[in-house]
Each structure stands twice: as structure tokens, then as C-alpha cells.
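Here is the file structure-v5.cif (mmCIF, C-alpha atoms).
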data_entry
loop_
_atom_site.label_atom_id
_atom_site.label_comp_id
_atom_site.auth_asym_id
_atom_site.auth_seq_id
_atom_site.Cartn_x
_atom_site.Cartn_y
_atom_site.Cartn_z
CA MET A 1 -17.12 -23.30 -2.73
CA MET A 2 -15.73 -19.79 -2.95
CA ASP A 3 -12.39 -18.55 -4.25
CA SER A 4 -10.00 -17.00 -1.76
CA HIS A 5 -9.11 -13.33 -2.25
CA ILE A 6 -5.61 -14.22 -3.41
CA ARG A 7 -6.98 -16.76 -5.92
CA SER A 8 -9.36 -14.14 -7.32
CA LEU A 9 -6.50 -11.64 -7.56
CA VAL A 10 -4.25 -14.11 -9.38
CA LYS A 11 -7.10 -15.06 -11.74
CA GLY A 12 -7.68 -11.37 -12.50
CA ILE A 13 -4.00 -10.74 -13.17
CA THR A 14 -3.61 -13.80 -15.41
CA TRP A 15 -6.79 -12.86 -17.32
CA ARG A 16 -5.46 -9.33 -17.87
CA ILE A 17 -2.12 -10.73 -19.08
CA THR A 18 -3.98 -13.04 -21.49
CA GLY A 19 -6.06 -10.13 -22.80
CA SER A 20 -3.00 -7.91 -23.22
CA LEU A 21 -1.10 -10.63 -25.09
CA ASP A 22 -4.09 -10.98 -27.39
CA THR A 23 -4.09 -7.22 -28.01
CA PHE A 24 -0.34 -7.25 -28.68
CA PHE A 25 -0.54 -10.07 -31.23
CA ILE A 26 -3.54 -8.60 -33.04
CA SER A 27 -1.89 -5.16 -33.13
CA TRP A 28 1.35 -6.68 -34.35
CA LEU A 29 -0.42 -8.64 -37.10
CA ILE A 30 -2.18 -5.50 -38.30
CA THR A 31 0.72 -3.04 -38.03
CA GLN A 32 3.67 -5.42 -38.54
CA LYS A 33 5.54 -3.27 -35.98
CA ALA A 34 6.30 -4.55 -32.49
CA THR A 35 6.87 -1.05 -31.09
CA ILE A 36 3.43 0.13 -32.19
CA ALA A 37 1.85 -3.11 -30.98
CA PHE A 38 3.53 -2.65 -27.58
CA SER A 39 2.32 0.97 -27.39
CA ILE A 40 -1.24 -0.09 -28.15
CA THR A 41 -0.99 -2.87 -25.55
CA ALA A 42 0.32 -0.47 -22.87
CA VAL A 43 -2.50 2.01 -23.47
CA GLU A 44 -5.06 -0.81 -23.58
CA LEU A 45 -3.79 -2.21 -20.29
CA LEU A 46 -4.28 1.10 -18.49
CA THR A 47 -7.64 1.91 -20.06
CA LYS A 48 -9.08 -1.58 -19.48
CA ILE A 49 -8.14 -1.54 -15.79
CA THR A 50 -9.67 1.93 -15.40
CA LEU A 51 -12.82 1.01 -17.32
CA TYR A 52 -13.25 -2.18 -15.30
CA TRP A 53 -12.91 -0.24 -12.04
CA ALA A 54 -15.48 2.35 -13.20
CA HIS A 55 -17.83 -0.40 -14.41
CA GLU A 56 -17.68 -2.14 -11.02
CA ARG A 57 -18.31 1.13 -9.13
CA VAL A 58 -21.39 1.87 -11.27
CA TRP A 59 -22.76 -1.66 -10.71
CA LEU A 60 -22.39 -1.21 -6.95
CA LYS A 61 -25.05 1.51 -7.23
CA VAL A 62 -27.45 -0.65 -9.28
CA LYS A 63 -29.86 -2.50 -6.98
CA TRP A 64 -31.33 -4.77 -9.68
CA GLY A 65 -30.68 -8.46 -9.00
CA VAL A 66 -29.30 -7.91 -5.49
CA SER A 67 -30.68 -10.15 -2.77
CA GLU A 68 -30.72 -9.29 0.93
CA SER A 69 -30.30 -12.93 1.91
CA PRO A 70 -27.49 -15.24 0.82
CA ILE A 71 -30.11 -17.63 -0.58
CA ASP A 72 -32.01 -16.66 -3.72
CA THR A 73 -35.65 -16.59 -2.58
CA HIS A 74 -36.96 -16.71 -6.14
CA THR A 75 -36.09 -20.34 -6.73
CA GLU A 76 -37.81 -23.38 -5.38
CA PRO A 77 -35.73 -25.69 -3.21
CA VAL A 78 -34.63 -28.88 -4.92
CA GLN A 79 -36.34 -31.94 -3.51
CA PRO A 80 -34.29 -35.14 -3.33
CA VAL A 81 -35.33 -37.88 -5.70
CA GLN A 82 -36.51 -40.99 -3.90
CA GLN A 83 -35.45 -44.22 -5.52
CA THR A 84 -37.94 -47.07 -5.62
CA LYS A 85 -37.01 -50.73 -5.66
CA SER A 86 -38.07 -52.63 -8.76
#

Transcribe the structure of this file into C-alpha cells.
Amino acid sequence: MMDSHIRSLVKGITWRITGSLDTFFISWLITQKATIAFSITAVELLTKITLYWAHERVWLKVKWGVSESPIDTHTEPVQPVQQTKS
């Protein structure tokens, strides 16, 4: 099974929201100021999206672990287990 593009997009957005809420609450606990926590969260949101994009672009250039075929040729096929009657 594979996720649809829209499902992957929604998962990415909800994960980013979760991460930003985490940053907000941690920043708020440390600073005790919602305005500073919001500022930190806003900056973090922009930098994390940019860093993720850059990270993905770099990994597109790395050939390690990339297979030409959709099936990993480095693993042995799984043989079905035959049941015997007792």
C-alpha cells in the first residue's frame, strides 16, 4: 500500500503543526511569555520548512541506498511455510 499525494501532504502539514505546537509550549514554559513563544514558533516554522526542503534536495543527489528496480535485490525472497498434517 502507498499513501496518496494528498494523504502525504496532509500528514506533513499535521506533523508540522504538531511540531510547532510543541515548540510553542516549550518556549512558553521557558520564557513565560506567549508573545516570545509565538515569535520563536513562527521563526522555527519557517526555518524547519526551509531546512527540510534543503535536506531533501541534498539527499536526491546521494546515490547510496537507491535501487534501480522497485524490488530490493539484496534480500532473499520469502518462501511460504508448508504445513504438515500431524

Nearest residue to Phe25 of chain A from the set A:Ile40, A:Val66, A:Ile13, A:Leu51 (distances using all atoms listed in the file):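 Among the listed residues, the smallest separation from Phe25 of chain A belongs to A:Ile40.
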
d(atom CA of Thr50 of chain A, atom CA of Gln32 of chain A) in Å: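 Spanning atom CA of Thr50 of chain A to atom CA of Gln32 of chain A is a straight-line distance of 27.7 Å.
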
As JSON: centre and edge lengths in Å, one decimal, of the axis-aligned box holding segment 45-64 of chain A with 5 Å per side:
{"center_x": -17.6, "center_y": -1.2, "center_z": -13.6, "size_x": 37.5, "size_y": 17.1, "size_z": 23.3}

Atom CA of Ser8 of chain A to atom CA of Glu44 of chain A, straight-line distance in Å: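 Taking atom CA of Glu44 of chain A as the start and atom CA of Ser8 of chain A as the end point, the length is 21.5 Å.
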
Length of the atom CA of Thr23 of chain A to atom CA of Lys11 of chain A vector [Å]: 18.3 Å

Kindly output segment 9-45 of chain A as a short mmCIF file (atom, residue, chain, number, x, y, z; two decimals), keeping the file's coordinate frame, after building N, CA and C atoms.
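This went into out_15.cif:
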data_model
loop_
_atom_site.label_atom_id
_atom_site.label_comp_id
_atom_site.auth_asym_id
_atom_site.auth_seq_id
_atom_site.Cartn_x
_atom_site.Cartn_y
_atom_site.Cartn_z
N LEU A 9 -7.48 -12.61 -7.08
CA LEU A 9 -6.50 -11.64 -7.56
C LEU A 9 -5.61 -12.25 -8.64
N VAL A 10 -5.11 -13.45 -8.40
CA VAL A 10 -4.25 -14.11 -9.38
C VAL A 10 -5.03 -14.40 -10.66
N LYS A 11 -6.28 -14.82 -10.54
CA LYS A 11 -7.10 -15.06 -11.74
C LYS A 11 -7.28 -13.76 -12.52
N GLY A 12 -7.52 -12.66 -11.82
CA GLY A 12 -7.68 -11.37 -12.50
C GLY A 12 -6.42 -10.94 -13.22
N ILE A 13 -5.27 -11.12 -12.55
CA ILE A 13 -4.00 -10.74 -13.17
C ILE A 13 -3.70 -11.61 -14.39
N THR A 14 -3.90 -12.93 -14.27
CA THR A 14 -3.61 -13.80 -15.41
C THR A 14 -4.58 -13.55 -16.56
N TRP A 15 -5.83 -13.19 -16.25
CA TRP A 15 -6.79 -12.86 -17.32
C TRP A 15 -6.37 -11.59 -18.02
N ARG A 16 -5.89 -10.59 -17.27
CA ARG A 16 -5.46 -9.33 -17.87
C ARG A 16 -4.23 -9.56 -18.73
N ILE A 17 -3.30 -10.41 -18.28
CA ILE A 17 -2.12 -10.73 -19.08
C ILE A 17 -2.54 -11.41 -20.38
N THR A 18 -3.48 -12.36 -20.29
CA THR A 18 -3.98 -13.04 -21.49
C THR A 18 -4.60 -12.04 -22.46
N GLY A 19 -5.43 -11.13 -21.94
CA GLY A 19 -6.06 -10.13 -22.80
C GLY A 19 -5.04 -9.20 -23.44
N SER A 20 -4.02 -8.81 -22.68
CA SER A 20 -3.00 -7.91 -23.22
C SER A 20 -2.14 -8.61 -24.27
N LEU A 21 -1.83 -9.88 -24.06
CA LEU A 21 -1.10 -10.63 -25.09
C LEU A 21 -1.91 -10.72 -26.38
N ASP A 22 -3.20 -10.94 -26.23
CA ASP A 22 -4.09 -10.98 -27.39
C ASP A 22 -4.05 -9.65 -28.13
N THR A 23 -4.15 -8.56 -27.40
CA THR A 23 -4.09 -7.22 -28.01
C THR A 23 -2.76 -7.01 -28.71
N PHE A 24 -1.67 -7.42 -28.07
CA PHE A 24 -0.34 -7.25 -28.68
C PHE A 24 -0.26 -8.00 -30.00
N PHE A 25 -0.67 -9.27 -30.01
CA PHE A 25 -0.54 -10.07 -31.23
C PHE A 25 -1.44 -9.56 -32.35
N ILE A 26 -2.65 -9.15 -32.01
CA ILE A 26 -3.54 -8.60 -33.04
C ILE A 26 -2.96 -7.30 -33.59
N SER A 27 -2.49 -6.43 -32.69
CA SER A 27 -1.89 -5.16 -33.13
C SER A 27 -0.65 -5.39 -33.99
N TRP A 28 0.14 -6.36 -33.60
CA TRP A 28 1.35 -6.68 -34.35
C TRP A 28 1.02 -7.24 -35.74
N LEU A 29 -0.01 -8.10 -35.80
CA LEU A 29 -0.42 -8.64 -37.10
C LEU A 29 -0.91 -7.53 -38.03
N ILE A 30 -1.63 -6.58 -37.48
CA ILE A 30 -2.18 -5.50 -38.30
C ILE A 30 -1.11 -4.49 -38.72
N THR A 31 -0.26 -4.10 -37.74
CA THR A 31 0.72 -3.04 -38.03
C THR A 31 2.06 -3.56 -38.52
N GLN A 32 2.37 -4.83 -38.23
CA GLN A 32 3.67 -5.42 -38.54
C GLN A 32 4.83 -4.71 -37.83
N LYS A 33 4.51 -3.98 -36.74
CA LYS A 33 5.54 -3.27 -35.98
C LYS A 33 5.36 -3.56 -34.49
N ALA A 34 6.38 -4.18 -33.91
CA ALA A 34 6.30 -4.55 -32.49
C ALA A 34 6.22 -3.33 -31.59
N THR A 35 6.90 -2.24 -31.95
CA THR A 35 6.87 -1.05 -31.09
C THR A 35 5.48 -0.43 -31.04
N ILE A 36 4.80 -0.40 -32.17
CA ILE A 36 3.43 0.13 -32.19
C ILE A 36 2.50 -0.83 -31.45
N ALA A 37 2.68 -2.13 -31.67
CA ALA A 37 1.85 -3.11 -30.98
C ALA A 37 2.04 -3.00 -29.46
N PHE A 38 3.28 -2.81 -29.01
CA PHE A 38 3.53 -2.65 -27.58
C PHE A 38 2.88 -1.37 -27.05
N SER A 39 2.95 -0.30 -27.81
CA SER A 39 2.32 0.97 -27.39
C SER A 39 0.81 0.81 -27.24
N ILE A 40 0.20 0.16 -28.21
CA ILE A 40 -1.24 -0.09 -28.15
C ILE A 40 -1.57 -0.94 -26.93
N THR A 41 -0.77 -1.98 -26.68
CA THR A 41 -0.99 -2.87 -25.55
C THR A 41 -0.87 -2.12 -24.23
N ALA A 42 0.12 -1.24 -24.10
CA ALA A 42 0.32 -0.47 -22.87
C ALA A 42 -0.86 0.44 -22.59
N VAL A 43 -1.34 1.13 -23.63
CA VAL A 43 -2.50 2.01 -23.47
C VAL A 43 -3.73 1.18 -23.12
N GLU A 44 -3.91 0.07 -23.82
CA GLU A 44 -5.06 -0.81 -23.58
C GLU A 44 -5.06 -1.35 -22.16
N LEU A 45 -3.89 -1.69 -21.65
CA LEU A 45 -3.79 -2.21 -20.29
C LEU A 45 -4.29 -1.18 -19.28
#
